[in-house]
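Structure below is query07.txt: compact mmCIF, C-alpha atoms and all ligand atoms.
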# COMPACT_ATOMS: atom_id res chain seq x y z
CA MET A 1 0.00 0.00 0.00
CA ASN A 2 1.52 3.31 -1.03
CA ASP A 3 -1.04 6.04 -1.21
CA PRO A 4 0.13 8.80 1.10
CA ILE A 5 -2.43 11.26 2.41
CA ILE A 6 0.10 13.17 4.55
CA SER A 7 3.78 13.66 3.73
CA ILE A 8 5.93 15.35 6.32
CA ASN A 9 9.36 16.24 4.99
CA GLY A 10 12.36 17.49 6.93
CA LEU A 11 10.30 19.22 9.56
CA ASN A 12 12.01 21.31 12.22
CA LYS A 13 10.29 23.44 14.80
CA THR A 14 12.10 25.81 17.08
CA TYR A 15 9.84 27.81 19.37
CA GLN A 16 10.47 31.44 20.16
CA GLY A 17 13.00 31.37 22.93
CA GLY A 18 15.02 28.78 21.08
CA PHE A 19 13.57 25.46 22.21
CA GLN A 20 13.73 22.91 19.42
CA ALA A 21 10.59 20.81 19.69
CA LEU A 22 10.89 18.91 16.40
CA THR A 23 14.06 17.77 14.66
CA ARG A 24 14.15 16.52 11.06
CA VAL A 25 10.82 14.79 11.17
CA ASP A 26 10.00 12.75 8.06
CA LEU A 27 6.78 10.80 8.16
CA THR A 28 4.26 9.53 5.66
CA ILE A 29 0.72 8.64 6.60
CA GLN A 30 -1.10 6.27 4.26
CA ARG A 31 -4.67 6.84 3.20
CA GLY A 32 -7.07 4.78 5.27
CA GLU A 33 -4.71 3.67 8.01
CA ILE A 34 -4.85 4.08 11.76
CA PHE A 35 -1.52 5.49 12.87
CA ALA A 36 -0.66 5.78 16.55
CA LEU A 37 1.91 8.30 17.66
CA LEU A 38 3.47 7.38 20.97
CA GLY A 39 5.88 9.36 23.03
CA PRO A 40 6.58 10.42 26.57
CA ASN A 41 5.39 13.76 27.94
CA GLY A 42 6.94 16.68 26.15
CA ALA A 43 8.19 14.55 23.25
CA GLY A 44 6.62 16.81 20.63
CA LYS A 45 3.35 15.05 19.76
CA THR A 46 1.16 18.11 20.13
CA THR A 47 3.68 20.27 18.30
CA LEU A 48 3.75 17.84 15.39
CA ILE A 49 -0.04 17.67 15.16
CA SER A 50 -0.27 21.44 15.44
CA VAL A 51 2.14 21.90 12.55
CA VAL A 52 0.27 19.38 10.41
CA CYS A 53 -3.00 21.16 11.16
CA GLY A 54 -1.46 24.52 10.28
CA LEU A 55 -1.87 25.90 13.80
CA VAL A 56 1.88 26.24 14.33
CA ASN A 57 4.26 27.22 11.55
CA PRO A 58 7.24 25.00 10.88
CA THR A 59 10.71 26.53 11.15
CA GLN A 60 11.87 24.31 8.30
CA GLY A 61 10.42 21.62 6.11
CA GLU A 62 6.96 21.05 4.73
CA VAL A 63 3.77 19.14 5.25
CA ILE A 64 1.69 18.09 2.25
CA ILE A 65 -1.88 17.08 2.97
CA ASP A 66 -3.72 15.36 0.17
CA GLY A 67 -1.65 17.39 -2.26
CA PHE A 68 -1.90 20.71 -0.42
CA ASP A 69 0.86 22.50 1.46
CA SER A 70 -0.07 23.15 5.10
CA VAL A 71 1.23 26.72 4.96
CA ARG A 72 0.84 27.82 1.34
CA ASP A 73 -2.54 26.16 0.79
CA TYR A 74 -3.66 26.46 4.38
CA ARG A 75 -7.40 26.46 3.74
CA GLN A 76 -7.52 23.45 1.46
CA ALA A 77 -5.15 21.54 3.69
CA ARG A 78 -7.01 22.40 6.90
CA GLU A 79 -10.38 21.58 5.37
CA ARG A 80 -9.27 17.98 4.95
CA ILE A 81 -8.52 17.56 8.63
CA GLY A 82 -10.70 17.06 11.66
CA LEU A 83 -9.02 17.64 14.99
CA VAL A 84 -10.45 16.08 18.11
CA PRO A 85 -9.08 17.83 21.17
CA GLN A 86 -9.20 16.34 24.63
CA GLU A 87 -11.76 18.65 26.17
CA LEU A 88 -14.93 20.48 25.22
CA THR A 89 -14.70 24.21 25.65
CA ASN A 90 -17.39 26.56 26.85
CA GLU A 91 -20.44 25.38 24.99
CA ALA A 92 -22.31 23.92 27.92
CA PHE A 93 -25.60 25.60 27.08
CA GLU A 94 -25.64 24.71 23.41
CA THR A 95 -27.44 21.69 22.06
CA VAL A 96 -25.58 18.85 20.43
CA TRP A 97 -27.13 19.63 17.05
CA ASN A 98 -26.23 23.32 17.15
CA THR A 99 -22.69 22.72 18.34
CA VAL A 100 -21.95 20.23 15.61
CA SER A 101 -23.65 22.30 12.88
CA PHE A 102 -21.77 25.39 14.00
CA SER A 103 -18.43 23.60 13.71
CA ARG A 104 -19.21 22.83 10.09
CA GLY A 105 -19.96 26.51 9.48
CA LEU A 106 -16.53 27.46 10.80
CA PHE A 107 -15.04 25.79 7.75
CA GLY A 108 -17.19 27.89 5.47
CA LYS A 109 -19.17 24.87 4.35
CA ALA A 110 -22.83 25.19 3.43
CA PRO A 111 -25.21 23.60 5.93
CA ASN A 112 -25.80 19.91 5.32
CA PRO A 113 -28.31 18.56 7.82
CA ALA A 114 -28.18 15.12 6.20
CA HIS A 115 -24.45 14.87 6.92
CA ILE A 116 -24.85 16.07 10.50
CA GLU A 117 -27.60 13.50 10.98
CA LYS A 118 -25.36 10.75 9.61
CA VAL A 119 -22.51 11.75 11.90
CA LEU A 120 -24.72 11.93 15.00
CA LYS A 121 -26.27 8.57 14.20
CA SER A 122 -22.90 6.93 13.64
CA LEU A 123 -21.78 8.16 17.05
CA ALA A 124 -25.00 7.13 18.81
CA LEU A 125 -25.81 10.76 19.58
CA TRP A 126 -28.94 11.11 17.48
CA ASP A 127 -31.30 10.71 20.43
CA LYS A 128 -29.39 13.40 22.26
CA ARG A 129 -29.37 15.95 19.46
CA ASP A 130 -31.57 18.42 21.35
CA ASN A 131 -29.77 17.97 24.67
CA ARG A 132 -27.57 20.68 26.00
CA LEU A 133 -23.97 19.56 26.30
CA MET A 134 -23.99 20.05 30.08
CA THR A 135 -26.56 17.27 30.40
CA LEU A 136 -24.41 14.66 28.66
CA SER A 137 -22.26 11.98 30.22
CA GLY A 138 -18.48 12.13 29.85
CA GLY A 139 -18.51 9.50 27.13
CA MET A 140 -21.17 11.34 25.16
CA LYS A 141 -19.23 14.59 25.46
CA ARG A 142 -16.24 12.91 23.94
CA ARG A 143 -18.35 11.63 21.09
CA VAL A 144 -19.61 15.19 20.54
CA LEU A 145 -15.97 16.24 20.12
CA ILE A 146 -15.60 13.66 17.40
CA ALA A 147 -18.88 14.71 15.78
CA LYS A 148 -17.67 18.31 15.70
CA ALA A 149 -14.40 17.25 14.08
CA LEU A 150 -16.32 15.24 11.47
CA SER A 151 -18.88 17.94 10.73
CA HIS A 152 -17.03 19.35 7.74
CA GLU A 153 -16.40 15.95 6.16
CA PRO A 154 -12.64 15.70 6.69
CA ARG A 155 -10.62 12.85 5.23
CA ILE A 156 -8.17 12.79 8.10
CA LEU A 157 -8.99 12.71 11.77
CA PHE A 158 -6.52 13.55 14.52
CA LEU A 159 -7.46 12.22 17.92
CA ASP A 160 -5.45 13.66 20.77
CA GLU A 161 -5.53 11.18 23.64
CA PRO A 162 -9.02 9.96 22.75
CA THR A 163 -9.54 7.98 25.92
CA ALA A 164 -7.49 9.89 28.49
CA GLY A 165 -9.14 9.53 31.85
CA VAL A 166 -12.12 7.44 30.74
CA ASP A 167 -13.04 4.10 32.25
CA VAL A 168 -12.24 0.82 30.60
CA GLU A 169 -15.71 0.21 29.22
CA LEU A 170 -15.89 3.62 27.65
CA ARG A 171 -12.45 3.14 26.23
CA ARG A 172 -13.62 0.01 24.43
CA ASP A 173 -16.66 1.88 23.08
CA MET A 174 -14.36 4.59 21.81
CA TRP A 175 -12.15 2.05 20.08
CA ASP A 176 -15.21 0.67 18.30
CA VAL A 177 -16.18 4.17 17.23
CA VAL A 178 -12.70 4.82 15.86
CA ARG A 179 -12.62 1.52 13.99
CA GLY A 180 -16.03 2.34 12.52
CA LEU A 181 -14.70 5.67 11.28
CA ARG A 182 -11.82 3.97 9.58
CA GLU A 183 -14.27 1.62 7.89
CA SER A 184 -15.97 4.68 6.48
CA GLY A 185 -12.70 5.69 4.81
CA VAL A 186 -11.31 8.25 7.26
CA THR A 187 -7.56 8.15 7.91
CA ILE A 188 -6.88 8.26 11.62
CA ILE A 189 -3.90 9.51 13.56
CA LEU A 190 -4.07 9.25 17.29
CA THR A 191 -1.78 10.14 20.11
CA THR A 192 -1.99 8.12 23.24
CA HIS A 193 -0.28 7.41 26.49
CA TYR A 194 -2.06 4.08 26.68
CA ILE A 195 0.14 1.66 24.88
CA GLU A 196 -2.64 -0.87 25.06
CA GLU A 197 -4.65 1.49 22.90
CA ALA A 198 -2.02 1.54 20.17
CA GLU A 199 -1.61 -2.20 20.45
CA GLU A 200 -5.34 -2.68 20.08
CA MET A 201 -6.06 -0.32 17.22
CA ALA A 202 -3.10 0.87 15.21
CA ASP A 203 -1.97 -0.46 11.85
CA ARG A 204 1.33 1.34 12.28
CA ILE A 205 3.07 2.86 15.23
CA GLY A 206 5.41 5.80 15.37
CA VAL A 207 7.46 6.67 18.42
CA ILE A 208 8.60 10.23 18.99
CA ASN A 209 11.15 11.10 21.63
CA ARG A 210 12.71 14.50 22.23
CA GLY A 211 11.34 15.84 18.98
CA GLU A 212 12.68 13.05 16.82
CA ILE A 213 10.82 10.17 15.25
CA VAL A 214 12.79 7.23 16.56
CA LEU A 215 10.74 4.46 15.00
CA VAL A 216 7.94 3.85 12.53
CA GLU A 217 6.81 0.31 12.00
CA GLU A 218 3.84 -1.87 11.20
CA LYS A 219 2.47 -2.94 14.53
CA ALA A 220 2.68 -6.63 13.75
CA ALA A 221 6.26 -6.37 12.49
CA LEU A 222 7.25 -4.34 15.52
CA MET A 223 5.94 -6.91 17.91
CA GLN A 224 7.71 -9.61 15.91
CA LYS A 225 10.99 -7.87 15.63
CA LEU A 226 11.44 -6.34 19.02
CA GLY A 227 9.24 -8.42 21.21
CA SER A 228 10.80 -11.28 23.06
CA LYS A 229 9.06 -14.41 24.17
CA GLN A 230 9.56 -16.52 27.19
CA LEU A 231 8.81 -20.15 27.76
CA THR A 232 8.68 -21.20 31.39
CA LEU A 233 8.71 -24.87 32.34
CA GLN A 234 7.72 -25.90 35.83
CA LEU A 235 9.91 -28.80 36.76
CA GLN A 236 8.85 -31.88 38.66
CA THR A 237 11.93 -31.72 40.86
CA PRO A 238 14.08 -28.68 41.48
CA LEU A 239 17.53 -28.43 39.88
CA ASP A 240 20.52 -27.01 41.75
CA GLU A 241 22.16 -26.12 38.52
CA LEU A 242 21.74 -26.63 34.82
CA PRO A 243 23.35 -29.73 33.35
CA GLU A 244 26.08 -28.98 30.88
CA ALA A 245 23.96 -29.78 27.85
CA LEU A 246 21.59 -27.01 28.95
CA GLN A 247 24.10 -24.32 29.73
CA LEU A 248 22.91 -21.87 27.11
CA GLU A 249 22.63 -18.13 27.27
CA ALA A 250 18.90 -18.27 26.63
CA LEU A 251 18.24 -20.61 29.54
CA SER A 252 18.09 -19.86 33.23
CA LEU A 253 16.73 -21.32 36.41
CA ALA A 254 14.19 -19.50 38.53
CA ALA A 255 11.94 -20.07 41.54
CA GLU A 256 14.70 -21.86 43.45
CA GLY A 257 15.41 -24.29 40.69
CA LEU A 258 11.76 -25.18 40.10
CA GLU A 259 11.42 -23.22 36.89
CA LEU A 260 13.40 -23.36 33.70
CA VAL A 261 13.07 -20.15 31.71
CA TYR A 262 13.83 -19.98 28.00
CA THR A 263 13.94 -16.54 26.38
CA TYR A 264 13.95 -16.06 22.62
CA ASP A 265 13.16 -13.13 20.38
CA GLY A 266 10.76 -12.78 17.50
CA ARG A 267 13.45 -13.29 14.91
CA GLN A 268 14.53 -16.57 16.43
CA ALA A 269 10.88 -17.54 16.50
CA GLU A 270 10.75 -17.08 12.76
CA GLU A 271 13.90 -19.06 12.13
CA GLY A 272 12.80 -21.90 14.35
CA HIS A 273 12.99 -21.10 18.00
CA GLY A 274 14.74 -24.20 19.15
CA ILE A 275 11.96 -25.37 21.43
CA PRO A 276 11.79 -28.88 19.91
CA ALA A 277 15.55 -29.21 20.41
CA LEU A 278 15.24 -27.97 23.96
CA LEU A 279 12.52 -30.46 24.76
CA ALA A 280 14.55 -33.28 23.24
CA THR A 281 17.55 -32.32 25.39
CA LEU A 282 15.39 -32.26 28.50
CA GLU A 283 14.17 -35.73 27.72
CA ARG A 284 17.71 -37.01 27.18
CA GLU A 285 18.75 -35.49 30.49
CA GLY A 286 15.77 -37.07 32.23
CA ILE A 287 14.33 -33.70 33.27
CA THR A 288 10.56 -33.76 33.44
CA PHE A 289 8.17 -30.88 33.82
CA LYS A 290 4.59 -30.69 35.01
CA ASP A 291 3.47 -27.50 33.36
CA LEU A 292 4.58 -24.82 30.97
CA HIS A 293 3.51 -21.37 29.90
CA THR A 294 4.70 -18.73 27.45
CA ARG A 295 4.71 -15.00 27.74
CA GLN A 296 5.24 -12.43 25.03
CA SER A 297 6.63 -8.99 25.78
CA SER A 298 4.05 -6.30 25.21
CA LEU A 299 4.32 -3.17 23.16
CA GLU A 300 4.70 -1.42 26.49
CA ASP A 301 7.95 -3.27 27.23
CA ILE A 302 9.19 -2.43 23.75
CA PHE A 303 8.27 1.22 24.10
CA VAL A 304 9.89 1.65 27.50
CA ASP A 305 13.07 0.07 26.15
CA LEU A 306 13.13 2.35 23.12
CA VAL A 307 12.62 5.56 25.04
CA LYS A 308 15.03 4.52 27.76
CA GLU A 309 17.74 3.75 25.24
CA ARG A 310 17.60 7.21 23.78
CA ALA A 311 17.17 9.19 26.97
N1 LIG A 401 4.57 27.60 22.61
C1 LIG A 401 5.67 27.00 23.06
N2 LIG A 401 6.78 27.71 23.32
C2 LIG A 401 7.91 27.12 23.77
N3 LIG A 401 8.03 25.79 23.99
C3 LIG A 401 6.97 25.03 23.75
C4 LIG A 401 5.73 25.58 23.27
N4 LIG A 401 4.84 24.56 23.12
C5 LIG A 401 5.50 23.43 23.49
N5 LIG A 401 6.76 23.71 23.86
C6 LIG A 401 7.78 22.73 24.30
O1 LIG A 401 7.99 21.79 23.27
C7 LIG A 401 8.15 20.46 23.83
C8 LIG A 401 7.15 19.51 23.19
O2 LIG A 401 5.84 19.83 23.64
P1 LIG A 401 4.54 19.08 23.12
O3 LIG A 401 3.37 19.74 23.74
O4 LIG A 401 4.59 19.03 21.64
O5 LIG A 401 4.78 17.61 23.72
P2 LIG A 401 3.79 16.38 23.80
O6 LIG A 401 4.53 15.23 23.26
O7 LIG A 401 2.49 16.73 23.19
O8 LIG A 401 3.63 16.21 25.37
P3 LIG A 401 2.39 15.66 26.25
O9 LIG A 401 2.36 14.18 26.02
O10 LIG A 401 2.83 16.03 27.61
O11 LIG A 401 1.17 16.39 25.77
C9 LIG A 401 7.99 20.61 25.32
O12 LIG A 401 9.27 20.67 25.90
C10 LIG A 401 7.29 21.93 25.50
O13 LIG A 401 7.66 22.55 26.70

Just give me the structure as structure tokens.
Amino acid sequence: MNDPIISINGLNKTYQGGFQALTRVDLTIQRGEIFALLGPNGAGKTTLISVVCGLVNPTQGEVIIDGFDSVRDYRQARERIGLVPQELTNEAFETVWNTVSFSRGLFGKAPNPAHIEKVLKSLALWDKRDNRLMTLSGGMKRRVLIAKALSHEPRILFLDEPTAGVDVELRRDMWDVVRGLRESGVTIILTTHYIEEAEEMADRIGVINRGEIVLVEEKAALMQKLGSKQLTLQLQTPLDELPEALQLEALSLAAEGLELVYTYDGRQAEEGHGIPALLATLEREGITFKDLHTRQSSLEDIFVDLVKERA
């Protein structure tokens, strides 16, 4: 798949006062994907999104959105983007319908009640269209934010921490909503602190640290490449030490000799992880086990490692 909807080329951003928030950022977002941007606090996520949305000017470099330059062709570029912020601002007394319709007007688009109806229905807000925002639950308010961002029919949706501070159930609902949007052809870029969220939803993952993109990878490939796996065997009888045939770097004893732990990475898994050989050796050595389990390192482990390495 190579059909970029956003191309970010050689982007630098130095704020007034001299702080460099982005350094040589190159990034391509493909049409129709869900891209998750991860990074620790202050890494530059908001700055990057703000530049892409034309809210902050780049110091160097360019952003092309669906063929339009974010600075030179600001209006056309901006029109293609919906930005979902974290919080609703100051519209407590407005109704859902008016708020969402008004957002569309801000983009200079002619009213289109049929579109607003479609958006509200897709976000399960149709029954609430005449409610004032102050009477909505937290989850509904968040969906109103999405409805507002979709009101002008953007092709790209930025979600800034879409589930920050919401409970687990609501988070799952939100994930379903986002997946539904993607089905409808919207390209989605989300920032999140919840690695589980990226793991659950993203097609590709980008990690930004100290203003630099340190990694961009298909989620599946990332888990394969960087994730390690562990096989733990619970032995029938404890071992004081490993017999010579089992003295391998990847093997260790744990739980006072009652567990044999075998660690291998994704690449080894692809090449044949050596588990059959290990089991054969155990049998030859007369070592029996009563149970076994495997564990795979999560995206969270991978992320922490990556950011730590570069700190
Ligand atoms: N207007 C500004 N002027 C000067 N420095 C700024 C400005 N806005 C952001 N910064 C700095 O740029 C860096 C990146 O900030 P940014 O808000 O982009 O990070 P972030 O990754 O979104 O962080 P968080 O996850 O905490 O929201 C921070 O060090 C911040 O202090």

* Asked: If we count only C-alpha atoms, what is near stretch 170-183 of chain A at a cut-off of 8 Å, once residues fewer than 3 positions away on the same chain are taken out, given as a ChimeraX atom specification?
  -> /A:32-34,123,139,162-163,166-167,186-188,201

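You can rank A:Arg204, A:Arg142, A:Arg155, A:Lys13 by their closest distance to A:Gly185 using only C-alpha atoms, and at the top of that list sits A:Arg155.
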
* To do: Could you give me, as JSON, numbers by chain, the residues within 8 Å of A:Pro111, counting all atoms listed in the file and dropping anything in the same chain fewer than 5 positions from it?
  => {"A": [101, 104, 105]}

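Between A:Leu11 and the residues A:Gly61, A:Gln30, A:Ala254, A:Val52, the shortest atom-to-atom distance, using all atoms listed in the file, involves A:Gly61.
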
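Note that the spacing between atom CA of A:Trp126 and atom CA of A:Leu157 amounts to 20.8 Å.
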
* To do: Excluding stretch 71-76 of chain A and residues on its chain fewer than 3 positions from it, collect all residues at most 12 Å away from it, counting all atoms listed in the file, and give them as a list in words.
  => Ser50, Val51, Val52, Cys53, Gly54, Leu55, Val56, Asn57, Pro58, Thr59, Gln60, Gly61, Glu62, Val63, Ile64, Ile65, Asp66, Gly67, Phe68, Glu79, Arg80, Ile81, Leu106, Phe107, Gly108, Lys109, Pro154 and Arg155 of chain A

Cut-off 9 Å: closest chain A/ligand LIG 401 (chain A) atom pairs per residue, using only C-alpha atoms and all ligand atoms, as JSON lines:
{"residue": "A:Lys13", "atom": "CA", "partner": "A:LIG401", "partner_atom": "O1", "distance": 8.9}
{"residue": "A:Thr14", "atom": "CA", "partner": "A:LIG401", "partner_atom": "C2", "distance": 8.0}
{"residue": "A:Tyr15", "atom": "CA", "partner": "A:LIG401", "partner_atom": "C2", "distance": 4.9}
{"residue": "A:Gln16", "atom": "CA", "partner": "A:LIG401", "partner_atom": "N2", "distance": 6.1}
{"residue": "A:Gly17", "atom": "CA", "partner": "A:LIG401", "partner_atom": "C2", "distance": 6.7}
{"residue": "A:Gly18", "atom": "CA", "partner": "A:LIG401", "partner_atom": "C2", "distance": 7.8}
{"residue": "A:Phe19", "atom": "CA", "partner": "A:LIG401", "partner_atom": "N3", "distance": 5.8}
{"residue": "A:Gln20", "atom": "CA", "partner": "A:LIG401", "partner_atom": "O1", "distance": 7.0}
{"residue": "A:Ala21", "atom": "CA", "partner": "A:LIG401", "partner_atom": "O1", "distance": 4.5}
{"residue": "A:Leu22", "atom": "CA", "partner": "A:LIG401", "partner_atom": "C8", "distance": 7.8}
{"residue": "A:Leu38", "atom": "CA", "partner": "A:LIG401", "partner_atom": "O6", "distance": 8.2}
{"residue": "A:Gly39", "atom": "CA", "partner": "A:LIG401", "partner_atom": "O6", "distance": 6.0}
{"residue": "A:Pro40", "atom": "CA", "partner": "A:LIG401", "partner_atom": "O9", "distance": 5.7}
{"residue": "A:Asn41", "atom": "CA", "partner": "A:LIG401", "partner_atom": "O10", "distance": 3.4}
{"residue": "A:Gly42", "atom": "CA", "partner": "A:LIG401", "partner_atom": "O5", "distance": 3.4}
{"residue": "A:Ala43", "atom": "CA", "partner": "A:LIG401", "partner_atom": "O6", "distance": 3.7}
{"residue": "A:Gly44", "atom": "CA", "partner": "A:LIG401", "partner_atom": "O4", "distance": 3.2}
{"residue": "A:Lys45", "atom": "CA", "partner": "A:LIG401", "partner_atom": "O6", "distance": 3.7}
{"residue": "A:Thr46", "atom": "CA", "partner": "A:LIG401", "partner_atom": "O7", "distance": 3.6}
{"residue": "A:Thr47", "atom": "CA", "partner": "A:LIG401", "partner_atom": "O4", "distance": 3.7}
{"residue": "A:Leu48", "atom": "CA", "partner": "A:LIG401", "partner_atom": "O4", "distance": 6.4}
{"residue": "A:Ile49", "atom": "CA", "partner": "A:LIG401", "partner_atom": "O4", "distance": 8.1}
{"residue": "A:Ser50", "atom": "CA", "partner": "A:LIG401", "partner_atom": "O4", "distance": 8.2}
{"residue": "A:Val56", "atom": "CA", "partner": "A:LIG401", "partner_atom": "N1", "distance": 8.8}
{"residue": "A:Asp160", "atom": "CA", "partner": "A:LIG401", "partner_atom": "O11", "distance": 8.7}
{"residue": "A:Glu161", "atom": "CA", "partner": "A:LIG401", "partner_atom": "O11", "distance": 8.8}
{"residue": "A:Thr191", "atom": "CA", "partner": "A:LIG401", "partner_atom": "O9", "distance": 8.3}
{"residue": "A:Thr192", "atom": "CA", "partner": "A:LIG401", "partner_atom": "O9", "distance": 8.0}
{"residue": "A:His193", "atom": "CA", "partner": "A:LIG401", "partner_atom": "O9", "distance": 7.3}
{"residue": "A:Ile208", "atom": "CA", "partner": "A:LIG401", "partner_atom": "O6", "distance": 7.7}
{"residue": "A:Asn209", "atom": "CA", "partner": "A:LIG401", "partner_atom": "O6", "distance": 8.0}
{"residue": "A:Arg210", "atom": "CA", "partner": "A:LIG401", "partner_atom": "C8", "distance": 7.5}
{"residue": "A:Gly211", "atom": "CA", "partner": "A:LIG401", "partner_atom": "C8", "distance": 7.0}

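Relative to atom CA of A:Ile189, atom CA of A:Ile5 is found at 11.4 Å.
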
Proximity of stretch 193-236 of chain A to stretch 285-288 of chain A: per-residue shortest pair, 10 Å limit, only C-alpha atoms, as CSV:
residue,atom,partner,partner_atom,distance
A:Leu233,CA,A:Thr288,CA,9.1
A:Gln234,CA,A:Thr288,CA,8.7
A:Leu235,CA,A:Thr288,CA,6.0
A:Gln236,CA,A:Thr288,CA,5.8

* **Among listed residues A:Glu200, A:Phe35, A:Lys118, A:Ser70, nearest A:Asn9 (using all atoms listed in the file)** => A:Ser70

* **Closest of A:Leu83, A:Val96, A:Met134, A:Ala36 to A:Glu199 - atom-to-atom distances counting all atoms listed in the file** => A:Ala36

* Top pick for closest residue to A:Arg31, considering A:Ala280, A:Val207, A:Ile156, A:Leu125 and counting only C-alpha atoms -> A:Ile156

* Compile the contact shell of A:Phe93 as an NGL selection string: residues with an atom at most 10 Å away, counting only C-alpha atoms, same-chain residues fewer than 6 positions apart removed. => :A and (99 or 131-135)

Generate a file of the selected residues that holds C-alpha atoms, formatted as a PDB file, in the coordinates of the input.
ATOM      1  CA  THR A  99     -22.690  22.720  18.340  1.00  0.00           C
ATOM      2  CA  ASN A 131     -29.770  17.970  24.670  1.00  0.00           C
ATOM      3  CA  ARG A 132     -27.570  20.680  26.000  1.00  0.00           C
ATOM      4  CA  LEU A 133     -23.970  19.560  26.300  1.00  0.00           C
ATOM      5  CA  MET A 134     -23.990  20.050  30.080  1.00  0.00           C
ATOM      6  CA  THR A 135     -26.560  17.270  30.400  1.00  0.00           C
TER       7      THR A 135
END
